[in-house]
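Data first, discussion second: the structure below is written as structure tokens.
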Amino acid sequence: MLKLQTPVPSGRSRVDISYSEKALIIGSCFSDSIGASMVNAGFPVMVNPFGTLYNPVSIANSLSRLSSGVPFSEGQVVQMGAGSPLYCSFSHHTSFARETPEEFLSNANKALGEASAFFRECTRVVVTLGTAWCYKREGEVVSNCLKRDAGEFSRERLSLPSAMAVLSRMVERYPDKKFIFTVSPIRHLRDGAHENNLSKSILLLAVDSICKAFPERTDYFPSYEIVLDELRDYRFYAEDMLHPSAQTVSYIWERFTQFALREGEEETLIQKEKEYKRSRHRPLH
């Protein structure tokens, strides 16, 4: 038979996901997609408690904040740029922005308290890395530039040793947790295709190193390779030709469950997804 695809095998993960294990899903907007599928399937998960994050440093900093539970303070609140009247922090996605500093802090710290408690109890962390590029303000990596003036920030690409060190410290710091890493297949083409590939290569090599250093507590799911190699056709992309289509997200979700779902829980997954679909059904009359 004529082969029309290049299958990308993923095997079975050394780190499983289960209905009996809480999992934190954190990282790029690809994490939001997979996280939403896990929520809909009834898994005990929390997805991106600070909003979407893209680089290893921002993700590691966010886990550190969840671990410490130290509240955000007034000094960390800033007004957004581009004429916006809203307030946020450089640790949050703009979806957290509010009309006053007090309202932002109240909401951000309430969410932090809930997420911190969840993180202390969870045993699985699924990390999606989006880019090796970071933005710094006053020497510190920010998670979001909040549409403020570009002159406030410097931009740099993490070196491979730096990315490896960040991820290694992150895994070492939480010995009670197991990690599944993946690299987002969404391309960042601001600097061109070549720079995107260099950035993704740093992430791929860094994760490969971490999975070899911590074989009992880490594994890698090849979402990047599945989309770029197995589904290498623009019919699998959304209209912007960068983000995966809904069909592609569904396919990746199916592959992820084949990769990571604990053996013996397949029927539970099927039933939970059926329950979700029934809950979304609206009668015509």
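Letters A, B, ... go to the chains of the structure tokens in the order shown; residues in each chain start at 1; ligands are counted from 1 in the same order.
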
Write out as an NGL selection string which residues come within 7 Å of Thr128 of chain A when counting only C-alpha atoms, dropping same-chain ones fewer than 6 positions away. :A and (26-28 or 30-31 or 181-184)

Excluding Ala163 of chain A and any residue of its chain fewer than 3 positions from it, enumerate the residues within 8 Å of it, using only C-alpha atoms, and give them as a PyMOL selection string. chain A and resi 56-57+132+158-160+166-167+202-203+206

Mind the document's chain letters and residue numbers, and return as a short mmCIF file (atom, residue, chain, number, x, y, z; two decimals) with C-alpha atoms, in the first residue's frame the residues of segment 103-150 of chain A that DSSP labels helix (DSSP H, G or I).
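selection_27.cif written:
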data_model
loop_
_atom_site.label_atom_id
_atom_site.label_comp_id
_atom_site.auth_asym_id
_atom_site.auth_seq_id
_atom_site.Cartn_x
_atom_site.Cartn_y
_atom_site.Cartn_z
CA GLU A 103 -8.48 44.07 42.40
CA PHE A 104 -5.55 42.49 40.57
CA LEU A 105 -3.76 41.52 43.79
CA SER A 106 -6.92 40.10 45.34
CA ASN A 107 -7.61 37.92 42.30
CA ALA A 108 -3.96 36.94 41.70
CA ASN A 109 -3.32 35.91 45.31
CA LYS A 110 -6.60 34.03 45.61
CA ALA A 111 -5.67 32.07 42.47
CA LEU A 112 -2.12 31.58 43.80
CA GLY A 113 -3.38 30.14 47.08
CA GLU A 114 -5.55 27.60 45.29
CA ALA A 115 -2.84 26.70 42.78
CA SER A 116 -0.15 26.43 45.46
CA ALA A 117 -2.26 24.00 47.48
CA PHE A 118 -2.89 21.95 44.33
CA PHE A 119 0.80 21.92 43.41
CA ARG A 120 1.82 20.60 46.81
CA GLU A 121 -0.55 17.66 46.34
CA ALA A 150 9.85 47.53 23.94
#

If we count only C-alpha atoms, what is near Ser58 of chain A at a cut-off of 12 Å, once residues fewer than 6 positions away on the same chain are taken out, given as a ChimeraX atom specification? /A:26-28,48,50-52,64-65,90-93,127-136,140-144,158,163,166-167,170

With the cut-off set at 12 Å and counting only C-alpha atoms, tabulate each residue of segment 17-58 of chain A with an atom at most that distance from an atom of segment 255-258 of chain A, showing the nearest atom pair and its distance in Å to one decimal, ordered by chain and increasing number, as JSON lines.
{"residue": "A:Ile17", "atom": "CA", "partner": "A:Thr257", "partner_atom": "CA", "distance": 8.3}
{"residue": "A:Ser18", "atom": "CA", "partner": "A:Thr257", "partner_atom": "CA", "distance": 10.0}
{"residue": "A:Ile34", "atom": "CA", "partner": "A:Phe256", "partner_atom": "CA", "distance": 8.7}
{"residue": "A:Gly35", "atom": "CA", "partner": "A:Phe256", "partner_atom": "CA", "distance": 11.3}
{"residue": "A:Ser37", "atom": "CA", "partner": "A:Thr257", "partner_atom": "CA", "distance": 10.3}
{"residue": "A:Met38", "atom": "CA", "partner": "A:Thr257", "partner_atom": "CA", "distance": 9.5}
{"residue": "A:Ala41", "atom": "CA", "partner": "A:Thr257", "partner_atom": "CA", "distance": 10.7}
{"residue": "A:Phe43", "atom": "CA", "partner": "A:Thr257", "partner_atom": "CA", "distance": 11.7}

Writer output for current selection, C-alpha atoms, as a PDB file, in the first residue's frame:
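Writing the result to out18.pdb gives the following:
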ATOM      1  CA  ILE A  17      -1.148  10.022  33.981  1.00  0.00           C
ATOM      2  CA  SER A  18      -4.033   8.637  35.988  1.00  0.00           C
ATOM      3  CA  ILE A  34      -4.090  19.473  25.957  1.00  0.00           C
ATOM      4  CA  GLY A  35      -5.076  20.689  29.418  1.00  0.00           C
ATOM      5  CA  SER A  37      -8.864  17.898  26.861  1.00  0.00           C
ATOM      6  CA  MET A  38      -7.778  16.529  30.243  1.00  0.00           C
ATOM      7  CA  ALA A  41     -12.066  13.954  30.273  1.00  0.00           C
ATOM      8  CA  PHE A  43      -8.788  14.183  35.090  1.00  0.00           C
TER       9      PHE A  43
END

For the strand (DSSP E) assignment from backbone DSSP, which residues of segment 20-222 of chain A qualify? Please present them as a count of residues only. 39

Which residues come within 6 Å of Leu24 of chain A, counting only C-alpha atoms, excluding same-chain residues fewer than 3 positions away, as a short mmCIF file (atom, residue, chain, number, x, y, z; two decimals) with N, CA and C atoms, in the first residue's frame?
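Now in around_12.cif:
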data_model
loop_
_atom_site.label_atom_id
_atom_site.label_comp_id
_atom_site.auth_asym_id
_atom_site.auth_seq_id
_atom_site.Cartn_x
_atom_site.Cartn_y
_atom_site.Cartn_z
N VAL A 45 -6.84 17.84 37.23
CA VAL A 45 -5.72 18.65 36.75
C VAL A 45 -5.97 20.12 37.01
N MET A 46 -4.87 20.88 36.99
CA MET A 46 -4.92 22.34 36.97
C MET A 46 -4.08 22.79 35.79
N VAL A 125 3.65 16.60 36.59
CA VAL A 125 3.73 17.92 35.98
C VAL A 125 3.98 17.72 34.49
#

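When only C-alpha atoms are used to compute distances to Ser73 of chain A, the closest of the residues A:Ala260, A:Cys88, A:Leu198, A:Ala60 turns out to be A:Cys88.
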
Computed interatomic separation between atom CA of Asp16 of chain A and atom CA of Leu261 of chain A (Å):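 If I compute the distance from atom CA of Asp16 of chain A to atom CA of Leu261 of chain A, I get 5.6 Å.
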
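Look at Gly75 of chain A: the protein and nucleic acid residues within 10 Å of it, using only C-alpha atoms and passing over chain neighbours fewer than 3 places away, are Phe72, Val78, Ser89 and Pro101 of chain A.
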
Which residues, written as a ChimeraX atom specification, have at least one atom at most 10 Å from Pro222 of chain A, with only C-alpha atoms counted and residues fewer than 2 positions away on the same chain left out? /A:8-10,181-185,204,219-220,224-228,252,255-256,259

Using only C-alpha atoms: which of A:Ile210, A:Leu242, A:Ile186, A:Met164 has the shortest distance to Cys29 of chain A: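 The answer is A:Ile186, which sits nearest to Cys29 of chain A.
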
For Thr218 of chain A, find every residue with an atom within 8 Å (counting only C-alpha atoms), except residues of its own chain fewer than 2 positions away, and show them as a list in words.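 The residues satisfying every condition are Arg14, Val15, Lys178, Phe179, Ile180, Phe181, Ile210, Cys211, Phe214, Pro215, Glu216 and Tyr220 of chain A.
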
I need the chosen residues saved as a PDB file, in the first residue's frame, with C-alpha atoms.
ATOM      1  CA  ARG A  14       7.822   5.956  31.846  1.00  0.00           C
ATOM      2  CA  VAL A  15       5.636   8.577  33.541  1.00  0.00           C
ATOM      3  CA  LYS A 178       7.290  13.171  37.881  1.00  0.00           C
ATOM      4  CA  PHE A 179       7.520  15.218  34.695  1.00  0.00           C
ATOM      5  CA  ILE A 180       6.355  14.765  31.127  1.00  0.00           C
ATOM      6  CA  PHE A 181       8.004  17.262  28.787  1.00  0.00           C
ATOM      7  CA  ILE A 210      17.074  15.983  31.331  1.00  0.00           C
ATOM      8  CA  CYS A 211      15.222  12.787  30.441  1.00  0.00           C
ATOM      9  CA  PHE A 214      16.361  11.590  35.424  1.00  0.00           C
ATOM     10  CA  PRO A 215      15.060   8.458  33.647  1.00  0.00           C
ATOM     11  CA  GLU A 216      12.826   7.371  36.527  1.00  0.00           C
ATOM     12  CA  TYR A 220       9.310  13.172  26.516  1.00  0.00           C
TER      13      TYR A 220
END

Please indicate the distance in Å from atom CA of Val70 of chain A to atom CA of Pro49 of chain A, rounded to one decimal place.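 Straight-line distance from atom CA of Val70 of chain A to atom CA of Pro49 of chain A works out to 14.5 Å.
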
Length of the atom CA of Asp149 of chain A to atom CA of Ser84 of chain A vector [Å]: 12.2 Å
